[in-house]
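Trainee: File run-v8.txt below, compact mmCIF, C-alpha atoms:
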# COMPACT_ATOMS: atom_id res chain seq x y z
CA MET Y 59 -25.81 -19.53 7.08
CA LEU Y 60 -24.80 -16.16 5.60
CA ASP Y 61 -28.48 -15.11 5.58
CA LEU Y 62 -28.74 -16.04 9.27
CA VAL Y 63 -25.68 -13.94 10.18
CA LEU Y 64 -26.95 -11.03 8.08
CA GLY Y 65 -30.25 -11.24 9.96
CA TRP Y 66 -28.43 -10.92 13.29
CA ILE Y 67 -26.33 -7.94 12.24
CA SER Y 68 -28.93 -6.12 10.12
CA GLY Y 69 -29.40 -3.35 12.72
CA LEU Y 70 -25.72 -2.36 12.66
CA PRO Y 71 -24.27 0.41 10.50
CA LYS Y 72 -23.50 -0.85 6.99
CA GLU Y 73 -19.75 -0.29 7.49
CA TYR Y 74 -19.73 -2.76 10.39
CA ILE Y 75 -21.79 -5.24 8.41
CA VAL Y 76 -19.25 -5.19 5.57
CA MET Y 77 -16.36 -5.71 8.01
CA ILE Y 78 -18.13 -8.58 9.80
CA VAL Y 79 -18.99 -10.35 6.53
CA ALA Y 80 -15.34 -9.92 5.45
CA ALA Y 81 -14.17 -11.63 8.66
CA LEU Y 82 -16.45 -14.66 8.24
CA PRO Y 83 -14.78 -17.88 7.02
CA ILE Y 84 -17.16 -18.62 4.15
CA SER Y 85 -17.80 -15.18 2.68
CA GLU Y 86 -14.59 -13.20 3.32
CA LEU Y 87 -13.90 -10.60 0.60
CA ARG Y 88 -15.92 -12.55 -1.96
CA GLY Y 89 -19.02 -11.66 0.02
CA SER Y 90 -18.23 -8.35 1.68
CA ILE Y 91 -17.23 -6.39 -1.43
CA PRO Y 92 -20.38 -7.19 -3.46
CA LEU Y 93 -22.47 -6.67 -0.31
CA GLY Y 94 -20.98 -3.23 0.35
CA LEU Y 95 -21.49 -2.20 -3.25
CA SER Y 96 -25.11 -3.39 -3.13
CA LEU Y 97 -25.54 -1.22 -0.01
CA GLY Y 98 -24.50 1.82 -2.07
CA MET Y 99 -20.99 2.27 -0.72
CA SER Y 100 -18.16 3.61 -2.90
CA LEU Y 101 -15.57 1.28 -4.43
CA SER Y 102 -12.72 2.62 -2.28
CA LYS Y 103 -14.71 2.53 0.97
CA VAL Y 104 -15.88 -1.05 0.33
CA PHE Y 105 -12.35 -2.14 -0.56
CA TRP Y 106 -10.72 -0.73 2.58
CA LEU Y 107 -13.47 -1.88 4.95
CA SER Y 108 -13.37 -5.37 3.45
CA VAL Y 109 -9.58 -5.58 3.62
CA LEU Y 110 -9.64 -4.38 7.23
CA GLY Y 111 -12.40 -6.80 8.22
CA ASN Y 112 -10.67 -9.70 6.49
CA SER Y 113 -7.24 -8.81 7.88
CA ILE Y 114 -8.23 -8.20 11.49
CA ILE Y 115 -8.46 -11.93 12.17
CA ILE Y 116 -5.08 -12.91 10.70
CA ALA Y 117 -2.79 -12.40 13.72
CA PRO Y 118 -5.12 -13.95 16.33
CA ALA Y 119 -5.89 -16.87 14.01
CA LEU Y 120 -2.19 -17.51 13.31
CA PHE Y 121 -1.41 -17.52 17.04
CA LEU Y 122 -4.43 -19.51 18.19
CA PHE Y 123 -5.16 -22.01 15.42
CA LYS Y 124 -2.54 -24.62 16.33
CA PRO Y 125 -3.07 -24.66 20.12
CA VAL Y 126 -6.86 -24.65 19.77
CA SER Y 127 -6.89 -27.35 17.08
CA ASP Y 128 -4.41 -29.50 19.06
CA PHE Y 129 -6.63 -29.24 22.16
CA LEU Y 130 -9.86 -30.00 20.27
CA ARG Y 131 -8.35 -32.91 18.33
CA ARG Y 132 -8.32 -34.87 21.60
CA PHE Y 133 -12.06 -35.31 21.11
CA LYS Y 134 -13.18 -37.73 18.41
CA ILE Y 135 -15.72 -35.46 16.71
CA TRP Y 136 -13.27 -32.56 16.49
CA SER Y 137 -10.48 -34.84 15.36
CA ARG Y 138 -12.56 -35.90 12.34
CA PHE Y 139 -13.50 -32.28 11.66
CA PHE Y 140 -9.89 -31.09 11.64
CA ASP Y 141 -8.77 -34.14 9.61
CA ARG Y 142 -11.25 -33.15 6.89
CA ILE Y 143 -10.16 -29.51 6.96
CA PHE Y 144 -6.48 -30.45 6.84
CA GLU Y 145 -7.01 -32.87 3.95
CA ARG Y 146 -9.02 -30.34 1.96
CA THR Y 147 -6.41 -27.64 2.58
CA LYS Y 148 -3.55 -29.97 1.60
CA ARG Y 149 -5.32 -30.87 -1.65
CA ASN Y 150 -5.69 -27.21 -2.59
CA SER Y 151 -2.23 -26.05 -1.52
CA ASP Y 152 0.39 -27.51 -3.86
CA SER Y 153 1.77 -24.01 -4.51
CA ILE Y 154 2.27 -23.45 -0.78
CA GLN Y 155 4.30 -26.61 -0.39
CA LYS Y 156 6.44 -25.70 -3.38
CA TYR Y 157 6.91 -21.94 -2.87
CA GLU Y 158 6.10 -21.47 0.86
CA ALA Y 159 5.32 -17.77 1.59
CA LEU Y 160 4.99 -16.83 -2.09
CA GLY Y 161 2.69 -19.81 -2.61
CA LEU Y 162 0.68 -18.66 0.41
CA VAL Y 163 0.22 -15.23 -1.22
CA LEU Y 164 -1.10 -16.88 -4.38
CA PHE Y 165 -3.31 -19.26 -2.40
CA VAL Y 166 -4.98 -16.42 -0.47
CA ALA Y 167 -5.10 -14.05 -3.46
CA ILE Y 168 -7.20 -16.30 -5.67
CA PRO Y 169 -10.81 -15.52 -4.67
CA LEU Y 170 -12.26 -19.00 -5.01
CA PRO Y 171 -14.06 -21.20 -2.48
CA MET Y 172 -11.67 -22.87 -0.03
CA THR Y 173 -9.03 -20.17 -0.46
CA GLY Y 174 -8.65 -16.98 1.54
CA VAL Y 175 -7.48 -15.91 4.97
CA TRP Y 176 -8.94 -18.80 6.96
CA SER Y 177 -7.57 -21.46 4.61
CA GLY Y 178 -4.29 -19.54 4.45
CA VAL Y 179 -3.98 -19.66 8.24
CA ILE Y 180 -4.65 -23.41 8.21
CA ALA Y 181 -2.08 -23.91 5.45
CA ALA Y 182 0.51 -21.77 7.23
CA SER Y 183 0.00 -23.90 10.34
CA LEU Y 184 0.17 -27.18 8.42
CA PHE Y 185 3.35 -26.25 6.58
CA LYS Y 186 4.91 -24.55 9.63
CA ILE Y 187 5.47 -21.18 7.95
CA ARG Y 188 6.90 -18.70 10.47
CA PHE Y 189 4.50 -16.05 11.76
CA ARG Y 190 6.10 -13.00 10.15
CA TYR Y 191 6.26 -14.66 6.72
CA ALA Y 192 2.75 -16.07 7.00
CA PHE Y 193 1.30 -12.78 8.21
CA THR Y 194 2.95 -10.77 5.43
CA ALA Y 195 1.98 -13.32 2.79
CA ILE Y 196 -1.65 -13.49 3.92
CA ILE Y 197 -2.00 -9.68 4.09
CA THR Y 198 -0.54 -9.40 0.59
CA GLY Y 199 -2.95 -12.08 -0.62
CA VAL Y 200 -5.87 -10.21 0.95
CA PHE Y 201 -4.97 -7.03 -0.96
CA CYS Y 202 -4.67 -8.95 -4.22
CA ALA Y 203 -7.95 -10.83 -3.67
CA GLY Y 204 -9.67 -7.56 -2.78
CA LEU Y 205 -8.48 -5.93 -5.98
CA ILE Y 206 -9.59 -8.92 -8.05
CA VAL Y 207 -13.07 -9.08 -6.50
CA LEU Y 208 -13.45 -5.29 -6.66
CA SER Y 209 -12.48 -5.30 -10.34
CA LEU Y 210 -14.92 -8.11 -11.14
CA CYS Y 211 -17.71 -6.26 -9.31
CA ALA Y 212 -16.89 -2.94 -11.00
CA LEU Y 213 -17.01 -4.66 -14.40
CA GLY Y 214 -20.38 -6.19 -13.53
CA ILE Y 215 -19.05 -9.76 -13.71
CA PHE Y 216 -19.61 -10.51 -10.00
CA SER Y 217 -22.44 -9.33 -7.75
CA TRP Y 218 -24.10 -9.90 -4.39
CA LYS Y 219 -26.73 -12.05 -6.13
CA ALA Y 220 -23.95 -14.33 -7.41
CA VAL Y 221 -22.68 -14.77 -3.83
CA LEU Y 222 -26.11 -15.79 -2.59
CA GLY Y 223 -26.40 -18.29 -5.42
Take the structure in the file and write it out as structure tokens.
Mentor:
Amino acid sequence: MLDLVLGWISGLPKEYIVMIVAALPISELRGSIPLGLSLGMSLSKVFWLSVLGNSIIIAPALFLFKPVSDFLRRFKIWSRFFDRIFERTKRNSDSIQKYEALGLVLFVAIPLPMTGVWSGVIAASLFKIRFRYAFTAIITGVFCAGLIVLSLCALGIFSWKAVLG
């Protein structure tokens, strides 16, 4: 899927490509930082573009996730889809239940599959964390995740090839 999206956006300036990849649910910072570095961008430029691209979706997602998911859950196929997402998020979010906003920071900050902004928004909705706490926690987690991924890339431990599998 990531290859398909990259094919669509390949004509855009590389800065936009990095921001779009950072905003996507699957890749987020784990994909945009190595991508930007492979495109020859500097560490600081890649970090800030990735953080911006990943963060730009937080507020709209926090406001819209619950009403949109409630509406779509009225349909059987979407109900099953959201049930799976909710179950998967609940399984991976013990720290959020225990520590609320601080747990949400840790959940978003760990750059592993099924963690990140999109999962953080779902978890904040599931556990009814107030907007201002959820927003602050998710932004903080994005910065931490960005620093972790950037460090791993700078050390040569993580690369764009690793993202593509």
Trainee: Have a look at Y:Ile154, Y:Val163, Y:Ile75, Y:Leu210 and name the one nearest to Lys186 (chain Y); count all atoms listed in the file.
Mentor: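 Using all atoms listed in the file, the shortest distance to Lys186 (chain Y) belongs to Y:Ile154.
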Trainee: Between Y:Lys134, Y:Pro169, Y:Ser100, Y:Thr198, which has the minimum distance to Phe216 (chain Y) (counting only C-alpha atoms)?
Mentor: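 Checking each of Y:Lys134, Y:Pro169, Y:Ser100, Y:Thr198 against Phe216 (chain Y), counting only C-alpha atoms, the winner is Y:Pro169.
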Trainee: Using only C-alpha atoms, can you tell me which of Y:Ile187, Y:Val109, Y:Leu93, Y:Ile143 comes closest to Ser217 (chain Y)?
Mentor: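 Checking each of Y:Ile187, Y:Val109, Y:Leu93, Y:Ile143 against Ser217 (chain Y), counting only C-alpha atoms, the winner is Y:Leu93.
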Trainee: Identify which of the residues Y:Leu82, Y:Leu70, Y:Leu122, Y:Val76 lies closest to Gly98 (chain Y), counting all atoms listed in the file when measuring atom-to-atom distances.
Mentor: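 For Gly98 (chain Y), the nearest of the given residues is Y:Val76.
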Trainee: Which residue out of Y:Pro92, Y:Gly204, Y:Gly178, Y:Pro171 has the minimum interatomic distance to Phe105 (chain Y) when all atoms listed in the file are used?
Mentor: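 Of Y:Pro92, Y:Gly204, Y:Gly178, Y:Pro171, the one nearest Phe105 (chain Y), counting all atoms listed in the file, is Y:Gly204.
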Trainee: So that I can check the surroundings of Ala181 (chain Y), please list as a PDB file with C-alpha atoms, keeping the file's coordinate frame every protein, DNA and RNA residue that reaches within 12 Å of it, counting all atoms listed in the file and ignoring chain neighbours fewer than 2 positions away.
Mentor:
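part_5.pdb, freshly written:
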ATOM      1  CA  ALA Y 119      -5.890 -16.870  14.010  1.00  0.00           C
ATOM      2  CA  LEU Y 120      -2.190 -17.510  13.310  1.00  0.00           C
ATOM      3  CA  PHE Y 123      -5.160 -22.010  15.420  1.00  0.00           C
ATOM      4  CA  LYS Y 124      -2.540 -24.620  16.330  1.00  0.00           C
ATOM      5  CA  ILE Y 143     -10.160 -29.510   6.960  1.00  0.00           C
ATOM      6  CA  PHE Y 144      -6.480 -30.450   6.840  1.00  0.00           C
ATOM      7  CA  GLU Y 145      -7.010 -32.870   3.950  1.00  0.00           C
ATOM      8  CA  ARG Y 146      -9.020 -30.340   1.960  1.00  0.00           C
ATOM      9  CA  THR Y 147      -6.410 -27.640   2.580  1.00  0.00           C
ATOM     10  CA  LYS Y 148      -3.550 -29.970   1.600  1.00  0.00           C
ATOM     11  CA  ARG Y 149      -5.320 -30.870  -1.650  1.00  0.00           C
ATOM     12  CA  ASN Y 150      -5.690 -27.210  -2.590  1.00  0.00           C
ATOM     13  CA  SER Y 151      -2.230 -26.050  -1.520  1.00  0.00           C
ATOM     14  CA  ASP Y 152       0.390 -27.510  -3.860  1.00  0.00           C
ATOM     15  CA  SER Y 153       1.770 -24.010  -4.510  1.00  0.00           C
ATOM     16  CA  ILE Y 154       2.270 -23.450  -0.780  1.00  0.00           C
ATOM     17  CA  GLN Y 155       4.300 -26.610  -0.390  1.00  0.00           C
ATOM     18  CA  GLU Y 158       6.100 -21.470   0.860  1.00  0.00           C
ATOM     19  CA  ALA Y 159       5.320 -17.770   1.590  1.00  0.00           C
ATOM     20  CA  GLY Y 161       2.690 -19.810  -2.610  1.00  0.00           C
ATOM     21  CA  LEU Y 162       0.680 -18.660   0.410  1.00  0.00           C
ATOM     22  CA  VAL Y 163       0.220 -15.230  -1.220  1.00  0.00           C
ATOM     23  CA  PHE Y 165      -3.310 -19.260  -2.400  1.00  0.00           C
ATOM     24  CA  VAL Y 166      -4.980 -16.420  -0.470  1.00  0.00           C
ATOM     25  CA  MET Y 172     -11.670 -22.870  -0.030  1.00  0.00           C
ATOM     26  CA  THR Y 173      -9.030 -20.170  -0.460  1.00  0.00           C
ATOM     27  CA  GLY Y 174      -8.650 -16.980   1.540  1.00  0.00           C
ATOM     28  CA  VAL Y 175      -7.480 -15.910   4.970  1.00  0.00           C
ATOM     29  CA  TRP Y 176      -8.940 -18.800   6.960  1.00  0.00           C
ATOM     30  CA  SER Y 177      -7.570 -21.460   4.610  1.00  0.00           C
ATOM     31  CA  GLY Y 178      -4.290 -19.540   4.450  1.00  0.00           C
ATOM     32  CA  VAL Y 179      -3.980 -19.660   8.240  1.00  0.00           C
ATOM     33  CA  SER Y 183       0.000 -23.900  10.340  1.00  0.00           C
ATOM     34  CA  LEU Y 184       0.170 -27.180   8.420  1.00  0.00           C
ATOM     35  CA  PHE Y 185       3.350 -26.250   6.580  1.00  0.00           C
ATOM     36  CA  LYS Y 186       4.910 -24.550   9.630  1.00  0.00           C
ATOM     37  CA  ILE Y 187       5.470 -21.180   7.950  1.00  0.00           C
ATOM     38  CA  ARG Y 188       6.900 -18.700  10.470  1.00  0.00           C
ATOM     39  CA  ALA Y 192       2.750 -16.070   7.000  1.00  0.00           C
ATOM     40  CA  PHE Y 193       1.300 -12.780   8.210  1.00  0.00           C
ATOM     41  CA  ALA Y 195       1.980 -13.320   2.790  1.00  0.00           C
ATOM     42  CA  ILE Y 196      -1.650 -13.490   3.920  1.00  0.00           C
TER      43      ILE Y 196
END
Trainee: What does the distance between CA of Phe189 (chain Y) and CA of Ala167 (chain Y) come to in Å, to one decimal place?
Mentor: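 Here the two named atoms are 18.1 Å from each other.
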Trainee: For Gly65 (chain Y), which of Y:Val79, Y:Leu87, Y:Cys202, Y:Val126 is the closest residue, counting only C-alpha atoms?
Mentor: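 The answer is Y:Val79, which sits nearest to Gly65 (chain Y).
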Trainee: Enter the distance from CA of Glu86 (chain Y) to CA of Asn112 (chain Y), in Å, rounded to one decimal.
Mentor: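 These two atoms are separated by 6.1 Å.
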Trainee: In Å, rounded to a single decimal, give me how far CA of Ala117 (chain Y) is from CA of Lys156 (chain Y).
Mentor: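 About the pair CA of Lys156 (chain Y) and CA of Ala117 (chain Y): they are 23.5 Å apart.
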Trainee: Fewer than 2 positions away in the same chain doesn't count, so skip those; otherwise give me all residues within 12 Å of Cys211 (chain Y), counting all atoms listed in the file, as an mmCIF file with C-alpha atoms, in the frame of the given file.
Mentor:
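Produced file around_33.cif, reproduced below:
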data_model
loop_
_atom_site.group_PDB
_atom_site.id
_atom_site.type_symbol
_atom_site.label_atom_id
_atom_site.label_comp_id
_atom_site.auth_asym_id
_atom_site.auth_seq_id
_atom_site.Cartn_x
_atom_site.Cartn_y
_atom_site.Cartn_z
ATOM 1 C CA LEU Y 87 -13.900 -10.600 0.600
ATOM 2 C CA ARG Y 88 -15.920 -12.550 -1.960
ATOM 3 C CA GLY Y 89 -19.020 -11.660 0.020
ATOM 4 C CA SER Y 90 -18.230 -8.350 1.680
ATOM 5 C CA ILE Y 91 -17.230 -6.390 -1.430
ATOM 6 C CA PRO Y 92 -20.380 -7.190 -3.460
ATOM 7 C CA LEU Y 93 -22.470 -6.670 -0.310
ATOM 8 C CA GLY Y 94 -20.980 -3.230 0.350
ATOM 9 C CA LEU Y 95 -21.490 -2.200 -3.250
ATOM 10 C CA SER Y 96 -25.110 -3.390 -3.130
ATOM 11 C CA SER Y 100 -18.160 3.610 -2.900
ATOM 12 C CA LEU Y 101 -15.570 1.280 -4.430
ATOM 13 C CA VAL Y 104 -15.880 -1.050 0.330
ATOM 14 C CA PHE Y 105 -12.350 -2.140 -0.560
ATOM 15 C CA GLY Y 204 -9.670 -7.560 -2.780
ATOM 16 C CA LEU Y 205 -8.480 -5.930 -5.980
ATOM 17 C CA ILE Y 206 -9.590 -8.920 -8.050
ATOM 18 C CA VAL Y 207 -13.070 -9.080 -6.500
ATOM 19 C CA LEU Y 208 -13.450 -5.290 -6.660
ATOM 20 C CA SER Y 209 -12.480 -5.300 -10.340
ATOM 21 C CA LEU Y 213 -17.010 -4.660 -14.400
ATOM 22 C CA GLY Y 214 -20.380 -6.190 -13.530
ATOM 23 C CA ILE Y 215 -19.050 -9.760 -13.710
ATOM 24 C CA PHE Y 216 -19.610 -10.510 -10.000
ATOM 25 C CA SER Y 217 -22.440 -9.330 -7.750
ATOM 26 C CA TRP Y 218 -24.100 -9.900 -4.390
ATOM 27 C CA LYS Y 219 -26.730 -12.050 -6.130
ATOM 28 C CA ALA Y 220 -23.950 -14.330 -7.410
ATOM 29 C CA VAL Y 221 -22.680 -14.770 -3.830
#
Trainee: Axis-aligned box over every listed atom of region 171-190 of chain Y, padded by 3 Å per side: centre and edges in Å to one decimal, as AutoDock Vina command-line options?
Mentor:
--center_x -3.6 --center_y -20.1 --center_z 4.6 --size_x 27.0 --size_y 20.2 --size_z 20.2
Trainee: Kindly reconstruct region 154-180 of chain Y with N, CA and C atoms and present the result as a PDB file, in the frame of the given file.
Mentor:
ATOM      1  N   ILE Y 154       1.704 -23.807  -2.085  1.00  0.00           N
ATOM      2  CA  ILE Y 154       2.270 -23.450  -0.780  1.00  0.00           C
ATOM      3  C   ILE Y 154       3.422 -24.375  -0.439  1.00  0.00           C
ATOM      4  N   GLN Y 155       3.231 -25.661  -0.672  1.00  0.00           N
ATOM      5  CA  GLN Y 155       4.300 -26.610  -0.390  1.00  0.00           C
ATOM      6  C   GLN Y 155       5.538 -26.297  -1.226  1.00  0.00           C
ATOM      7  N   LYS Y 156       5.326 -25.923  -2.461  1.00  0.00           N
ATOM      8  CA  LYS Y 156       6.440 -25.700  -3.380  1.00  0.00           C
ATOM      9  C   LYS Y 156       7.137 -24.358  -3.133  1.00  0.00           C
ATOM     10  N   TYR Y 157       6.342 -23.283  -2.932  1.00  0.00           N
ATOM     11  CA  TYR Y 157       6.910 -21.940  -2.870  1.00  0.00           C
ATOM     12  C   TYR Y 157       6.804 -21.273  -1.500  1.00  0.00           C
ATOM     13  N   GLU Y 158       6.272 -21.956  -0.506  1.00  0.00           N
ATOM     14  CA  GLU Y 158       6.100 -21.470   0.860  1.00  0.00           C
ATOM     15  C   GLU Y 158       5.368 -20.131   0.918  1.00  0.00           C
ATOM     16  N   ALA Y 159       6.024 -19.046   1.380  1.00  0.00           N
ATOM     17  CA  ALA Y 159       5.320 -17.770   1.590  1.00  0.00           C
ATOM     18  C   ALA Y 159       4.760 -17.216   0.287  1.00  0.00           C
ATOM     19  N   LEU Y 160       5.495 -17.306  -0.805  1.00  0.00           N
ATOM     20  CA  LEU Y 160       4.990 -16.830  -2.090  1.00  0.00           C
ATOM     21  C   LEU Y 160       3.779 -17.652  -2.526  1.00  0.00           C
ATOM     22  N   GLY Y 161       3.831 -18.940  -2.318  1.00  0.00           N
ATOM     23  CA  GLY Y 161       2.690 -19.810  -2.610  1.00  0.00           C
ATOM     24  C   GLY Y 161       1.495 -19.460  -1.744  1.00  0.00           C
ATOM     25  N   LEU Y 162       1.759 -19.065  -0.492  1.00  0.00           N
ATOM     26  CA  LEU Y 162       0.680 -18.660   0.410  1.00  0.00           C
ATOM     27  C   LEU Y 162       0.010 -17.383  -0.103  1.00  0.00           C
ATOM     28  N   VAL Y 163       0.798 -16.447  -0.624  1.00  0.00           N
ATOM     29  CA  VAL Y 163       0.220 -15.230  -1.220  1.00  0.00           C
ATOM     30  C   VAL Y 163      -0.727 -15.616  -2.346  1.00  0.00           C
ATOM     31  N   LEU Y 164      -0.268 -16.477  -3.243  1.00  0.00           N
ATOM     32  CA  LEU Y 164      -1.100 -16.880  -4.380  1.00  0.00           C
ATOM     33  C   LEU Y 164      -2.343 -17.627  -3.919  1.00  0.00           C
ATOM     34  N   PHE Y 165      -2.200 -18.482  -2.927  1.00  0.00           N
ATOM     35  CA  PHE Y 165      -3.310 -19.260  -2.400  1.00  0.00           C
ATOM     36  C   PHE Y 165      -4.405 -18.350  -1.833  1.00  0.00           C
ATOM     37  N   VAL Y 166      -4.013 -17.337  -1.085  1.00  0.00           N
ATOM     38  CA  VAL Y 166      -4.980 -16.420  -0.470  1.00  0.00           C
ATOM     39  C   VAL Y 166      -5.532 -15.446  -1.514  1.00  0.00           C
ATOM     40  N   ALA Y 167      -4.704 -15.066  -2.481  1.00  0.00           N
ATOM     41  CA  ALA Y 167      -5.100 -14.050  -3.460  1.00  0.00           C
ATOM     42  C   ALA Y 167      -6.151 -14.517  -4.451  1.00  0.00           C
ATOM     43  N   ILE Y 168      -6.238 -15.798  -4.702  1.00  0.00           N
ATOM     44  CA  ILE Y 168      -7.200 -16.300  -5.670  1.00  0.00           C
ATOM     45  C   ILE Y 168      -8.561 -16.400  -4.979  1.00  0.00           C
ATOM     46  N   PRO Y 169      -9.520 -15.558  -5.385  1.00  0.00           N
ATOM     47  CA  PRO Y 169     -10.810 -15.520  -4.670  1.00  0.00           C
ATOM     48  C   PRO Y 169     -11.767 -16.634  -5.098  1.00  0.00           C
ATOM     49  N   LEU Y 170     -11.429 -17.838  -4.733  1.00  0.00           N
ATOM     50  CA  LEU Y 170     -12.260 -19.000  -5.010  1.00  0.00           C
ATOM     51  C   LEU Y 170     -12.675 -19.649  -3.692  1.00  0.00           C
ATOM     52  N   PRO Y 171     -13.714 -20.476  -3.708  1.00  0.00           N
ATOM     53  CA  PRO Y 171     -14.060 -21.200  -2.480  1.00  0.00           C
ATOM     54  C   PRO Y 171     -12.881 -22.043  -1.985  1.00  0.00           C
ATOM     55  N   MET Y 172     -12.736 -22.116  -0.702  1.00  0.00           N
ATOM     56  CA  MET Y 172     -11.670 -22.870  -0.030  1.00  0.00           C
ATOM     57  C   MET Y 172     -10.292 -22.222  -0.179  1.00  0.00           C
ATOM     58  N   THR Y 173     -10.257 -20.955  -0.535  1.00  0.00           N
ATOM     59  CA  THR Y 173      -9.030 -20.170  -0.460  1.00  0.00           C
ATOM     60  C   THR Y 173      -9.374 -18.916   0.326  1.00  0.00           C
ATOM     61  N   GLY Y 174      -8.399 -18.194   0.771  1.00  0.00           N
ATOM     62  CA  GLY Y 174      -8.650 -16.980   1.540  1.00  0.00           C
ATOM     63  C   GLY Y 174      -7.888 -17.016   2.853  1.00  0.00           C
ATOM     64  N   VAL Y 175      -8.201 -16.072   3.713  1.00  0.00           N
ATOM     65  CA  VAL Y 175      -7.480 -15.910   4.970  1.00  0.00           C
ATOM     66  C   VAL Y 175      -7.575 -17.156   5.848  1.00  0.00           C
ATOM     67  N   TRP Y 176      -8.769 -17.662   6.046  1.00  0.00           N
ATOM     68  CA  TRP Y 176      -8.940 -18.800   6.960  1.00  0.00           C
ATOM     69  C   TRP Y 176      -8.195 -20.022   6.453  1.00  0.00           C
ATOM     70  N   SER Y 177      -8.316 -20.328   5.179  1.00  0.00           N
ATOM     71  CA  SER Y 177      -7.570 -21.460   4.610  1.00  0.00           C
ATOM     72  C   SER Y 177      -6.075 -21.177   4.613  1.00  0.00           C
ATOM     73  N   GLY Y 178      -5.699 -19.918   4.405  1.00  0.00           N
ATOM     74  CA  GLY Y 178      -4.290 -19.540   4.450  1.00  0.00           C
ATOM     75  C   GLY Y 178      -3.684 -19.748   5.832  1.00  0.00           C
ATOM     76  N   VAL Y 179      -4.447 -19.435   6.861  1.00  0.00           N
ATOM     77  CA  VAL Y 179      -3.980 -19.660   8.240  1.00  0.00           C
ATOM     78  C   VAL Y 179      -3.794 -21.155   8.493  1.00  0.00           C
ATOM     79  N   ILE Y 180      -4.757 -21.950   8.039  1.00  0.00           N
ATOM     80  CA  ILE Y 180      -4.650 -23.410   8.210  1.00  0.00           C
ATOM     81  C   ILE Y 180      -3.419 -23.930   7.468  1.00  0.00           C
TER      82      ILE Y 180
END
